[in-house]
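Visitor: What follows is work.cif; its format and atoms are mmCIF, C-alpha atoms.
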data_coords
loop_
_atom_site.label_atom_id
_atom_site.label_comp_id
_atom_site.auth_asym_id
_atom_site.auth_seq_id
_atom_site.Cartn_x
_atom_site.Cartn_y
_atom_site.Cartn_z
CA MET A 1 -1.47 -15.88 18.27
CA TRP A 2 2.00 -14.50 18.76
CA GLU A 3 2.46 -16.01 22.20
CA GLY A 4 0.50 -19.25 22.01
CA CYS A 5 0.55 -20.07 18.29
CA GLY A 6 3.91 -18.67 17.24
CA LEU A 7 7.15 -20.30 16.14
CA VAL A 8 7.10 -23.13 18.67
CA ARG A 9 3.68 -24.30 19.85
CA ASP A 10 2.56 -26.64 22.60
CA GLU A 11 -0.74 -27.98 23.94
CA ARG A 12 -0.98 -25.51 26.78
CA GLY A 13 -0.31 -22.43 24.68
CA LEU A 14 -2.66 -23.54 21.91
CA ALA A 15 -5.48 -24.26 24.38
CA ARG A 16 -5.00 -20.79 25.83
CA THR A 17 -4.99 -19.25 22.36
CA LEU A 18 -8.24 -20.94 21.39
CA ALA A 19 -9.85 -19.76 24.64
CA ALA A 20 -8.68 -16.22 23.86
CA ILE A 21 -10.17 -16.49 20.37
CA ASP A 22 -13.52 -17.57 21.89
CA GLU A 23 -13.51 -14.46 24.03
CA LEU A 24 -12.46 -12.16 21.19
CA GLU A 25 -15.21 -13.57 18.96
CA GLU A 26 -17.78 -12.68 21.58
CA ARG A 27 -16.43 -9.16 21.77
CA ALA A 28 -16.29 -8.84 17.96
CA GLU A 29 -19.94 -9.90 17.76
CA ALA A 30 -20.84 -6.99 20.01
CA ALA A 31 -18.66 -4.44 18.18
CA ALA A 32 -20.41 -1.37 16.77
CA ALA A 33 -19.35 0.93 13.95
CA PRO A 34 -20.62 4.35 12.89
CA ALA A 35 -23.25 4.38 10.13
CA GLY A 36 -22.42 5.05 6.49
CA ALA A 37 -20.90 2.75 3.91
CA ARG A 38 -18.55 5.24 2.30
CA TRP A 39 -14.93 5.09 3.47
CA ASN A 40 -15.96 3.86 6.90
CA LEU A 41 -12.63 2.85 8.46
CA VAL A 42 -14.12 1.61 11.72
CA TRP A 43 -16.56 -0.65 9.88
CA GLN A 44 -13.73 -1.95 7.71
CA GLN A 45 -11.75 -2.74 10.85
CA ALA A 46 -14.71 -4.53 12.40
CA LEU A 47 -14.98 -6.71 9.28
CA ASP A 48 -11.21 -7.25 9.32
CA VAL A 49 -11.31 -8.44 12.93
CA ARG A 50 -13.95 -11.06 12.14
CA ASN A 51 -11.92 -12.39 9.24
CA LEU A 52 -8.73 -12.36 11.30
CA LEU A 53 -10.48 -14.38 13.98
CA VAL A 54 -11.62 -16.96 11.40
CA ALA A 55 -8.04 -17.31 10.15
CA ALA A 56 -6.72 -17.47 13.72
CA ARG A 57 -9.16 -20.19 14.72
CA LEU A 58 -8.37 -22.32 11.67
CA THR A 59 -4.64 -21.96 12.31
CA ALA A 60 -4.74 -22.67 16.05
CA THR A 61 -7.18 -25.58 15.68
CA ALA A 62 -5.02 -27.31 13.09
CA ALA A 63 -1.85 -26.62 15.07
CA ARG A 64 -3.39 -28.14 18.19
CA LEU A 65 -4.55 -31.23 16.34
CA ARG A 66 -1.20 -31.89 14.68
CA ARG A 67 0.76 -33.56 17.46
CA GLU A 68 4.07 -33.68 15.64
CA THR A 69 6.67 -31.29 14.25
CA ARG A 70 6.62 -30.83 10.49
CA GLY A 71 8.12 -28.05 8.37
CA SER A 72 7.45 -24.70 9.98
CA HIS A 73 4.99 -26.23 12.43
CA ALA A 74 7.16 -26.84 15.48
CA ARG A 75 5.60 -28.43 18.56
CA GLY A 76 7.69 -28.12 21.70
CA ASP A 77 5.81 -31.09 23.21
CA PHE A 78 6.09 -33.23 20.04
CA PRO A 79 9.49 -32.44 18.56
CA ASN A 80 9.61 -35.25 15.98
CA ARG A 81 7.95 -35.86 12.65
CA ASP A 82 5.46 -38.70 12.68
CA ASP A 83 4.82 -39.99 9.15
CA ALA A 84 3.07 -43.10 10.45
CA TYR A 85 0.18 -41.05 11.79
CA TRP A 86 0.47 -37.50 10.51
CA LEU A 87 1.17 -37.84 6.79
CA VAL A 88 -2.30 -36.30 6.34
CA ASN A 89 -3.91 -32.96 5.52
CA ILE A 90 -6.17 -31.44 8.13
CA HIS A 91 -9.48 -30.14 6.76
CA GLN A 92 -11.89 -27.82 8.52
CA ALA A 93 -15.35 -26.67 7.54
CA VAL A 94 -18.22 -24.77 9.12
CA GLY A 95 -20.53 -26.96 11.20
CA ARG A 96 -18.31 -30.01 11.11
CA ALA A 97 -15.51 -31.38 13.25
CA PRO A 98 -12.04 -31.20 11.70
CA TRP A 99 -11.03 -34.30 9.74
CA THR A 100 -7.93 -35.61 8.06
CA GLU A 101 -7.27 -37.03 4.63
CA PRO A 102 -4.13 -38.86 3.53
CA VAL A 103 -1.65 -36.82 1.55
CA ARG A 104 -1.83 -37.87 -2.11
CA LEU A 105 1.74 -38.75 -2.97
CA SER A 106 1.96 -38.54 -6.75
CA ARG A 107 5.74 -38.78 -7.22
CA LEU A 108 7.96 -38.81 -4.15
CA ARG A 109 7.44 -40.57 -0.85
CA PRO A 110 8.95 -39.19 2.37
CA GLN A 111 11.49 -42.00 2.47
CA ASP A 112 12.78 -40.92 -0.97
CA LEU A 113 13.77 -37.60 0.56
CA GLU A 114 15.44 -38.88 3.71
CA VAL A 115 18.92 -37.45 4.06
CA THR A 116 21.52 -39.03 6.31
CA GLU A 117 23.67 -37.01 8.65
CA ALA A 118 26.54 -37.06 6.19
CA GLY A 119 24.28 -35.37 3.67
CA SER A 120 24.11 -38.23 1.18
CA SER A 121 20.88 -39.86 0.13
CA ARG A 122 20.03 -43.04 1.92
CA MET B 21 -1.30 18.79 20.27
CA ILE B 22 -4.24 20.25 18.40
CA PHE B 23 -5.29 18.74 15.05
CA ARG B 24 -7.56 20.82 12.84
CA VAL B 25 -8.92 18.51 10.17
CA ARG B 26 -10.79 19.58 7.04
CA ARG B 27 -13.93 17.47 6.99
CA ALA B 28 -16.37 17.02 4.16
CA ASP B 29 -19.01 14.57 3.13
CA PRO B 30 -20.32 15.46 -0.32
CA GLU B 31 -23.42 13.40 0.32
CA ASP B 32 -24.62 15.13 3.49
CA GLY B 33 -24.96 18.50 1.76
CA ALA B 34 -23.09 20.34 4.52
CA ARG B 35 -20.24 22.67 3.64
CA PRO B 36 -16.69 21.47 4.25
CA ARG B 37 -15.65 22.49 7.74
CA TRP B 38 -12.70 22.43 10.12
CA GLN B 39 -12.98 20.11 13.06
CA THR B 40 -10.67 20.38 16.05
CA TYR B 41 -9.28 17.38 17.91
CA PRO B 42 -6.83 17.43 20.82
CA VAL B 43 -4.41 14.56 20.15
CA ASN B 44 -2.23 12.87 22.73
CA ALA B 45 0.97 13.28 20.71
CA GLN B 46 3.93 11.08 21.62
CA PRO B 47 7.52 11.41 20.42
CA LYS B 48 8.12 10.14 16.87
CA MET B 49 4.44 10.07 15.99
CA SER B 50 3.60 11.01 12.41
CA VAL B 51 0.63 13.00 11.19
CA LEU B 52 -0.85 9.68 10.06
CA ASP B 53 -0.37 8.25 13.56
CA GLY B 54 -2.24 11.30 14.85
CA LEU B 55 -5.13 10.57 12.49
CA PHE B 56 -5.20 6.97 13.72
CA TRP B 57 -5.25 8.30 17.29
CA ILE B 58 -8.31 10.39 16.45
CA LEU B 59 -9.99 7.43 14.76
CA GLU B 60 -9.38 5.23 17.78
CA HIS B 61 -10.01 7.66 20.63
CA ALA B 62 -12.08 10.56 19.39
CA ASP B 63 -13.98 10.08 16.16
CA GLY B 64 -14.66 6.82 14.32
CA THR B 65 -16.18 8.67 11.37
CA LEU B 66 -12.95 10.33 10.21
CA ALA B 67 -11.91 9.11 6.74
CA PHE B 68 -8.37 9.02 5.39
CA ARG B 69 -6.46 6.82 2.96
CA TYR B 70 -3.31 4.94 3.93
CA SER B 71 -1.52 1.73 3.24
CA CYS B 72 2.19 1.13 3.88
CA ARG B 73 2.78 3.73 6.64
CA ALA B 74 6.41 3.89 5.52
CA GLY B 75 6.50 6.46 2.72
CA MET B 76 6.60 3.89 -0.06
CA CYS B 77 3.06 3.59 -1.39
CA GLY B 78 1.91 7.18 -1.82
CA SER B 79 -1.57 6.54 -0.44
CA CYS B 80 -1.56 9.10 2.36
CA ALA B 81 -0.62 12.26 0.45
CA MET B 82 -2.47 15.21 1.96
CA ILE B 83 -1.89 18.82 2.86
CA VAL B 84 -0.33 19.48 6.24
CA ASN B 85 -0.07 23.10 7.31
CA GLY B 86 -0.49 24.21 3.71
CA ARG B 87 2.06 21.91 2.10
CA GLU B 88 1.55 18.63 0.27
CA THR B 89 3.21 15.78 2.13
CA LEU B 90 2.88 12.10 2.94
CA ALA B 91 1.14 11.98 6.31
CA CYS B 92 3.17 8.93 7.32
CA ARG B 93 6.49 10.70 6.73
CA GLN B 94 5.62 13.95 8.50
CA ARG B 95 6.68 13.83 12.14
CA LEU B 96 4.52 15.76 14.58
CA GLU B 97 7.55 17.34 16.23
CA HIS B 98 8.35 19.02 12.92
CA VAL B 99 4.95 20.61 12.30
CA ALA B 100 3.47 23.70 13.90
CA ASP B 101 0.80 23.26 16.59
CA PRO B 102 -2.11 23.45 15.77
CA VAL B 103 -1.56 21.27 12.74
CA HIS B 104 -3.98 21.79 9.85
CA VAL B 105 -4.72 18.70 7.77
CA GLU B 106 -6.57 18.96 4.43
CA PRO B 107 -7.20 16.71 1.43
CA LEU B 108 -5.23 17.17 -1.78
CA ARG B 109 -6.42 20.00 -4.02
CA SER B 110 -7.76 19.79 -7.59
CA LEU B 111 -9.27 16.34 -6.99
CA PRO B 112 -12.86 15.59 -5.94
CA VAL B 113 -13.30 14.78 -2.26
CA ILE B 114 -14.87 11.41 -1.50
CA LYS B 115 -14.94 11.99 2.24
CA ASP B 116 -12.83 14.12 4.60
CA LEU B 117 -9.18 13.57 3.62
CA VAL B 118 -9.89 11.00 0.90
CA VAL B 119 -9.88 12.29 -2.68
CA ASP B 120 -10.89 10.54 -5.87
CA MET B 121 -7.64 9.88 -7.74
CA ALA B 122 -9.44 8.93 -10.97
CA PRO B 123 -8.76 12.23 -12.83
CA PHE B 124 -5.08 12.00 -11.85
CA PHE B 125 -4.74 8.47 -13.21
CA ALA B 126 -6.79 9.26 -16.33
CA LYS B 127 -4.18 11.90 -17.21
CA TYR B 128 -1.39 9.48 -16.36
CA GLU B 129 -2.90 7.00 -18.80
CA ALA B 130 -3.26 9.70 -21.45
CA VAL B 131 0.51 9.81 -22.05
CA ASP B 132 0.82 6.07 -22.82
CA PRO B 133 2.82 5.60 -19.61
CA TYR B 134 4.28 2.22 -20.54
CA TYR B 135 7.45 1.16 -22.31
CA VAL B 136 6.99 0.24 -25.96
CA GLY B 137 9.68 -2.17 -27.08
CA GLU B 138 10.46 -3.85 -30.37
CA ASN B 139 12.40 -1.03 -31.88
CA PRO B 140 14.29 -3.05 -34.50
CA SER B 141 17.12 -0.59 -34.92
CA MET B 142 17.81 -0.56 -31.20
CA THR B 143 18.87 -4.09 -30.53
CA GLY B 144 22.39 -4.95 -29.51
CA PRO B 145 24.84 -7.21 -31.34
CA ALA B 146 23.27 -10.34 -32.89
CA GLY B 147 19.78 -9.45 -31.80
CA THR B 148 20.56 -9.20 -28.07
CA PRO B 149 18.68 -6.58 -26.08
CA ALA B 150 20.22 -3.12 -26.20
CA VAL B 151 21.76 -1.96 -22.93
CA VAL B 152 21.82 1.52 -21.46
CA PRO B 153 24.83 1.49 -19.13
CA PRO B 154 24.14 2.86 -15.64
CA ALA B 155 26.89 5.46 -15.98
CA GLU B 156 25.48 6.85 -19.20
CA GLY B 157 24.12 10.41 -18.81
CA ALA B 158 20.60 9.77 -20.05
CA ARG B 159 20.36 6.72 -17.79
CA ALA B 160 21.40 8.78 -14.75
CA LEU B 161 18.71 11.34 -15.50
CA ILE B 162 16.06 8.68 -16.10
CA ASP B 163 16.99 7.03 -12.80
CA GLN B 164 16.62 10.32 -10.96
CA GLN B 165 13.18 10.89 -12.45
CA LEU B 166 11.90 7.33 -11.97
CA GLY B 167 10.41 6.11 -8.72
CA CYS B 168 7.20 8.15 -8.83
CA ILE B 169 4.80 6.67 -6.27
CA SER B 170 1.81 8.41 -7.93
CA CYS B 171 0.75 10.02 -4.67
CA GLY B 172 -0.69 13.10 -6.37
CA ALA B 173 1.26 15.63 -4.28
CA CYS B 174 2.66 17.44 -7.35
CA TYR B 175 -0.74 17.42 -9.02
CA SER B 176 -2.28 19.04 -5.95
CA ALA B 177 0.49 21.63 -5.61
CA CYS B 178 0.37 22.70 -9.27
CA PRO B 179 -1.46 26.01 -9.86
CA VAL B 180 -1.87 25.22 -13.58
CA VAL B 181 -3.68 21.97 -12.77
CA ALA B 182 -5.96 24.05 -10.56
CA PHE B 183 -7.19 26.34 -13.36
CA ASN B 184 -6.54 24.36 -16.55
CA ARG B 185 -8.75 21.32 -16.65
CA SER B 186 -7.01 19.78 -19.62
CA TYR B 187 -3.46 20.14 -18.24
CA LEU B 188 -1.93 16.69 -17.78
CA GLY B 189 0.05 17.73 -14.72
CA PRO B 190 3.59 17.07 -13.46
CA ALA B 191 3.37 13.35 -12.67
CA ALA B 192 2.05 12.28 -16.08
CA LEU B 193 4.49 14.48 -17.99
CA ASN B 194 7.40 13.29 -15.87
CA ARG B 195 6.45 9.69 -16.59
CA ALA B 196 6.33 10.49 -20.29
CA TYR B 197 9.81 11.98 -20.13
CA THR B 198 11.36 8.91 -18.49
CA LEU B 199 10.14 6.90 -21.48
CA GLN B 200 11.04 9.47 -24.15
CA ALA B 201 14.58 9.72 -22.77
CA ASP B 202 15.17 5.99 -23.23
CA PHE B 203 16.73 5.56 -26.68
CA ARG B 204 15.31 2.02 -26.94
CA GLU B 205 11.75 3.30 -26.60
CA ALA B 206 9.83 2.57 -29.80
CA GLY B 207 6.73 4.62 -28.96
CA ALA B 208 8.44 8.00 -28.67
CA ASP B 209 7.11 9.40 -31.95
CA GLN B 210 3.56 8.47 -31.01
CA ARG B 211 3.93 9.79 -27.47
CA LEU B 212 5.46 13.17 -28.26
CA PRO B 213 2.23 14.68 -29.65
CA LEU B 214 0.39 13.48 -26.52
CA THR B 215 2.61 15.62 -24.32
CA SER B 216 2.88 18.59 -26.69
CA GLY B 217 -0.78 19.44 -27.17
CA ASP B 218 -2.95 21.97 -25.31
CA GLY B 219 -2.79 20.03 -22.06
CA GLY B 220 0.89 19.24 -22.44
CA VAL B 221 4.26 20.69 -21.57
CA HIS B 222 3.60 24.10 -23.11
CA ALA B 223 0.78 24.75 -20.63
CA CYS B 224 3.22 24.59 -17.71
CA HIS B 225 4.11 27.98 -16.20
CA ASP B 226 7.41 26.83 -14.67
CA VAL B 227 6.21 27.59 -11.15
CA GLY B 228 8.08 24.64 -9.69
CA ASN B 229 5.67 23.76 -6.88
CA CYS B 230 5.85 20.16 -8.13
CA VAL B 231 9.58 20.06 -7.36
CA LEU B 232 8.99 21.16 -3.77
CA ALA B 233 5.99 18.89 -3.30
CA CYS B 234 7.48 15.61 -4.50
CA PRO B 235 8.08 13.34 -1.48
CA VAL B 236 10.58 11.16 -3.36
CA GLY B 237 12.75 13.95 -4.77
CA ILE B 238 11.72 13.87 -8.42
CA ASN B 239 12.02 17.09 -10.41
CA PRO B 240 8.97 17.03 -12.73
CA LEU B 241 9.67 20.56 -13.96
CA LEU B 242 12.98 19.41 -15.42
CA SER B 243 11.19 16.62 -17.28
CA ILE B 244 8.70 19.12 -18.66
CA ILE B 245 11.48 21.45 -19.83
CA LEU B 246 13.29 18.56 -21.54
CA LEU B 247 10.07 17.41 -23.23
CA ARG B 248 9.59 20.96 -24.55
CA ARG B 249 13.06 20.75 -26.04
CA SER B 250 12.19 17.44 -27.74
CA ALA B 251 9.00 19.00 -29.11
CA ALA B 252 10.96 21.98 -30.47
CA HIS B 253 13.44 19.68 -32.20
CA SER B 254 10.85 17.38 -33.70
#
Can you dump the structure from the file as structure tokens?

Guide:
Amino acid sequence: MWEGCGLVRDERGLARTLAAIDELEERAEAAAAPAGARWNLVWQQALDVRNLLVAARLTATAARLRRETRGSHARGDFPNRDDAYWLVNIHQAVGRAPWTEPVRLSRLRPQDLEVTEAGSSR
Amino acid sequence: MIFRVRRADPEDGARPRWQTYPVNAQPKMSVLDGLFWILEHADGTLAFRYSCRAGMCGSCAMIVNGRETLACRQRLEHVADPVHVEPLRSLPVIKDLVVDMAPFFAKYEAVDPYYVGENPSMTGPAGTPAVVPPAEGARALIDQQLGCISCGACYSACPVVAFNRSYLGPAALNRAYTLQADFREAGADQRLPLTSGDGGVHACHDVGNCVLACPVGINPLLSIILLRRSAAHS
């Protein structure tokens, strides 16, 4: 996640990250912990790893889909914002391919916030 | 480096016992790091409590070579080898180095450990909030005694806590003092009897273990002495 899904992402790094998550999920499935529910740190860590992998997969999947740069999501291979195509939220759910829904703009539109180089509103 | 860890599982019926682990100690490792090393490399059943790993949260208070300390702040190069690690005293053991802090916090709660405002005579000009300037003497003392991370080290080190079940202990009484010393505090009259009863400041024997045990440099004994003075004057 640090190397392939960090500050600046690109297709190659994200593909590698998702492959690494596949492999880690297999290993986490096979992880064993000592018996006993009371203050079982190893068991807690095993549960943590599974949840971390879920969060990692959601993050990397969405980052790979979003082929633009927006806010803190910086794509080295797509350095510009693309409102024409990517003014959408990415949704993910179990057992279903990721989908997008348009952002509901209740007050401001992106063009209302455009700032020229001089710093004055367009 | 050799770790000797006090292990206990109240549910397995076995007596508490020492277990020995050789630990691959590296420079700058803390006692807590050593426990993590054991968990990772030697024994996944070892139980200990931790959170911040930086001496701020108070979760990892335990006894290292006979003294209460935060395991995360105790460097291995500063402890004797073998290092003996035990849970805090005077609190029930849940497992190994993890104690049940409930009695400690019950006593903390028993002193009404929160600020009670709305003292009408203590507002500033035109109803503005009263200010205690930082340079003022009482403020300086309150500041010194604030910052308790409720780790339980003083509670464990206190011999009176060990034999007097009703004794509130250093942390709770210190907390009470920091409130009593604030002249804006409106609950002082109600709180004073809570700290002056059988389990209160007069039960303390002035041993001072709490002063040595506190990892953040609070002097609970001083708070107890000052609360006794308030009780005498009331």

Visitor: Given the file above and the PyMOL selection byres ((chain B and resi 86) around 9), which residues are selected, and can you give them as a ChimeraX atom specification?

Guide: /B:83-85,87-88,104-106

Visitor: Kindly determine which residues of chain A lie within 10 Å of chain B, considering all atoms listed in the file, and give the answer as a VMD selection string.

Guide: chain A and resid 33 to 36 38 to 43

Visitor: Can you spell out as a PyMOL selection string the set of residues that the PyMOL selection byres ((chain B and resi 236) around 8) selects in the structure I just provided?

Guide: chain B and resi 167-169+234-235+237-238

Visitor: Could you tell me which residues the PyMOL selection byres ((chain A and resi 86) around 12) grabs in this file, written as a list in words?

Guide: Ala62, Leu65, Arg66, Arg67, Glu68, Thr69, Arg70, Phe78, Asn80, Arg81, Asp82, Asp83, Ala84, Tyr85, Leu87, Val88, Asn89, Ile90, Trp99, Thr100, Glu101, Pro102, Val103 and Pro110 of chain A

Visitor: I'd like the contact shell of Ala15 (chain A) - 10 Å cut-off, all atoms listed in the file, skipping same-chain residues fewer than 4 positions apart - returned as a PyMOL selection string.

Guide: chain A and resi 4-5+10-11+19-21+60-61+64

Visitor: Calculate how many Å separate CA of Pro123 (chain B) from CA of Ala206 (chain B), rounding to one decimal.

Guide: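 It comes out at 27.0 Å.
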
Visitor: How many Å separate CA of Pro102 (chain B) from CA of Ala182 (chain B)?

Guide: 26.6 Å

Visitor: Enter the distance from CA of Leu212 (chain B) to CA of Tyr128 (chain B), in Å, rounded to one decimal.

Guide: 14.2 Å

Visitor: Within 12 Å of (-20.3, -12.1, 15.8), all atoms listed in the file: residues as a list in words?

Guide: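 Nearby residues: Ile21, Asp22, Glu23, Leu24, Glu25, Glu26, Arg27, Ala28, Glu29, Ala30, Ala31, Ala32, Ala46, Leu47, Val49, Arg50, Asn51, Leu53 and Val54 of chain A.
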
Visitor: Give me the residues near Val103 (chain B) as a list in words, where near means some atom within 9 Å (using all atoms listed in the file) and where sequence neighbours in that chain fewer than 6 positions away do not count.

Guide: Met21, Ile22, Phe23, Arg24, Val25, Val51, Val84, Asn85 and Leu96 of chain B

Visitor: Would you export the selected residues with C-alpha atoms as a PDB file, keeping the file's coordinate frame, please?

Guide:
ATOM      1  CA  MET B  21      -1.300  18.790  20.270  1.00  0.00           C
ATOM      2  CA  ILE B  22      -4.240  20.250  18.400  1.00  0.00           C
ATOM      3  CA  PHE B  23      -5.290  18.740  15.050  1.00  0.00           C
ATOM      4  CA  ARG B  24      -7.560  20.820  12.840  1.00  0.00           C
ATOM      5  CA  VAL B  25      -8.920  18.510  10.170  1.00  0.00           C
ATOM      6  CA  VAL B  51       0.630  13.000  11.190  1.00  0.00           C
ATOM      7  CA  VAL B  84      -0.330  19.480   6.240  1.00  0.00           C
ATOM      8  CA  ASN B  85      -0.070  23.100   7.310  1.00  0.00           C
ATOM      9  CA  LEU B  96       4.520  15.760  14.580  1.00  0.00           C
TER      10      LEU B  96
END

Visitor: Determine, counting all atoms listed in the file, which protein, DNA and RNA residues have an atom within 7 Å of an atom of region 197-203 of chain B; residues of the same chain fewer than 4 positions away are not included. Present the result as a ChimeraX atom specification.

Guide: /B:135,158,162,165-166,193,208,243,247

Visitor: Could you list, as a PDB file with C-alpha atoms, in the frame of the given file, every residue within 8 Å of region 171-173 of chain B, counting all atoms listed in the file and ignoring same-chain residues fewer than 5 positions away?

Guide:
ATOM      1  CA  CYS B  77       3.060   3.590  -1.390  1.00  0.00           C
ATOM      2  CA  GLY B  78       1.910   7.180  -1.820  1.00  0.00           C
ATOM      3  CA  SER B  79      -1.570   6.540  -0.440  1.00  0.00           C
ATOM      4  CA  CYS B  80      -1.560   9.100   2.360  1.00  0.00           C
ATOM      5  CA  ALA B  81      -0.620  12.260   0.450  1.00  0.00           C
ATOM      6  CA  MET B  82      -2.470  15.210   1.960  1.00  0.00           C
ATOM      7  CA  GLU B  88       1.550  18.630   0.270  1.00  0.00           C
ATOM      8  CA  THR B  89       3.210  15.780   2.130  1.00  0.00           C
ATOM      9  CA  LEU B 108      -5.230  17.170  -1.780  1.00  0.00           C
ATOM     10  CA  MET B 121      -7.640   9.880  -7.740  1.00  0.00           C
ATOM     11  CA  PHE B 124      -5.080  12.000 -11.850  1.00  0.00           C
ATOM     12  CA  ALA B 191       3.370  13.350 -12.670  1.00  0.00           C
ATOM     13  CA  CYS B 230       5.850  20.160  -8.130  1.00  0.00           C
ATOM     14  CA  ALA B 233       5.990  18.890  -3.300  1.00  0.00           C
ATOM     15  CA  CYS B 234       7.480  15.610  -4.500  1.00  0.00           C
ATOM     16  CA  PRO B 235       8.080  13.340  -1.480  1.00  0.00           C
TER      17      PRO B 235
END

Visitor: For Pro213 (chain B), work out the shell of residues within 12 Å, counting all atoms listed in the file and skipping chain neighbours fewer than 4 positions away, then give it as a list in words.

Guide: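 Everything that qualifies: Ala130, Val131, Asp132, Leu193, Ala196, Gln200, Gly207, Ala208, Asp209, Gly217, Asp218, Gly219, Gly220, Val221, His222, Leu247, Arg248, Ser250, Ala251, Ala252 and Ser254 of chain B.
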
Visitor: Find the axis-aligned box for region 76-90 of chain B, covering all its listed atoms and adding 6 Å on each side, and write its centre and edge lengths in Å to one decimal as lines of an AutoDock Vina configuration file.

Guide:
center_x = 2.1
center_y = 13.9
center_z = 2.7
size_x = 21.1
size_y = 32.6
size_z = 21.1

Visitor: Using only C-alpha atoms, collect all residues at a distance of at most 6 Å from (11.1, 25.4, -13.9) as written in the file, then present them as a ChimeraX atom specification.

Guide: /B:226,228,241

Visitor: Can those selected residues be exported to a file as a compact mmCIF listing (two decimals), in the frame of the given file so that it contains C-alpha atoms?

Guide:
# COMPACT_ATOMS: atom_id res chain seq x y z
CA ASP B 226 7.41 26.83 -14.67
CA GLY B 228 8.08 24.64 -9.69
CA LEU B 241 9.67 20.56 -13.96

Visitor: Compare A:Arg104, A:Gly13, A:Leu113, A:Gln92 by their minimum atom-to-atom distance to Thr59 (chain A), counting all atoms listed in the file, and give me the closest one.

Guide: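 Using all atoms listed in the file, Thr59 (chain A) sits closest to A:Gln92.
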
Visitor: From the options B:Ser71, B:Asp163, B:Ala91, B:Leu188, which residue's atoms come nearest to Ala126 (chain B), counting only C-alpha atoms?

Guide: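 Of B:Ser71, B:Asp163, B:Ala91, B:Leu188, the one nearest Ala126 (chain B), counting only C-alpha atoms, is B:Leu188.
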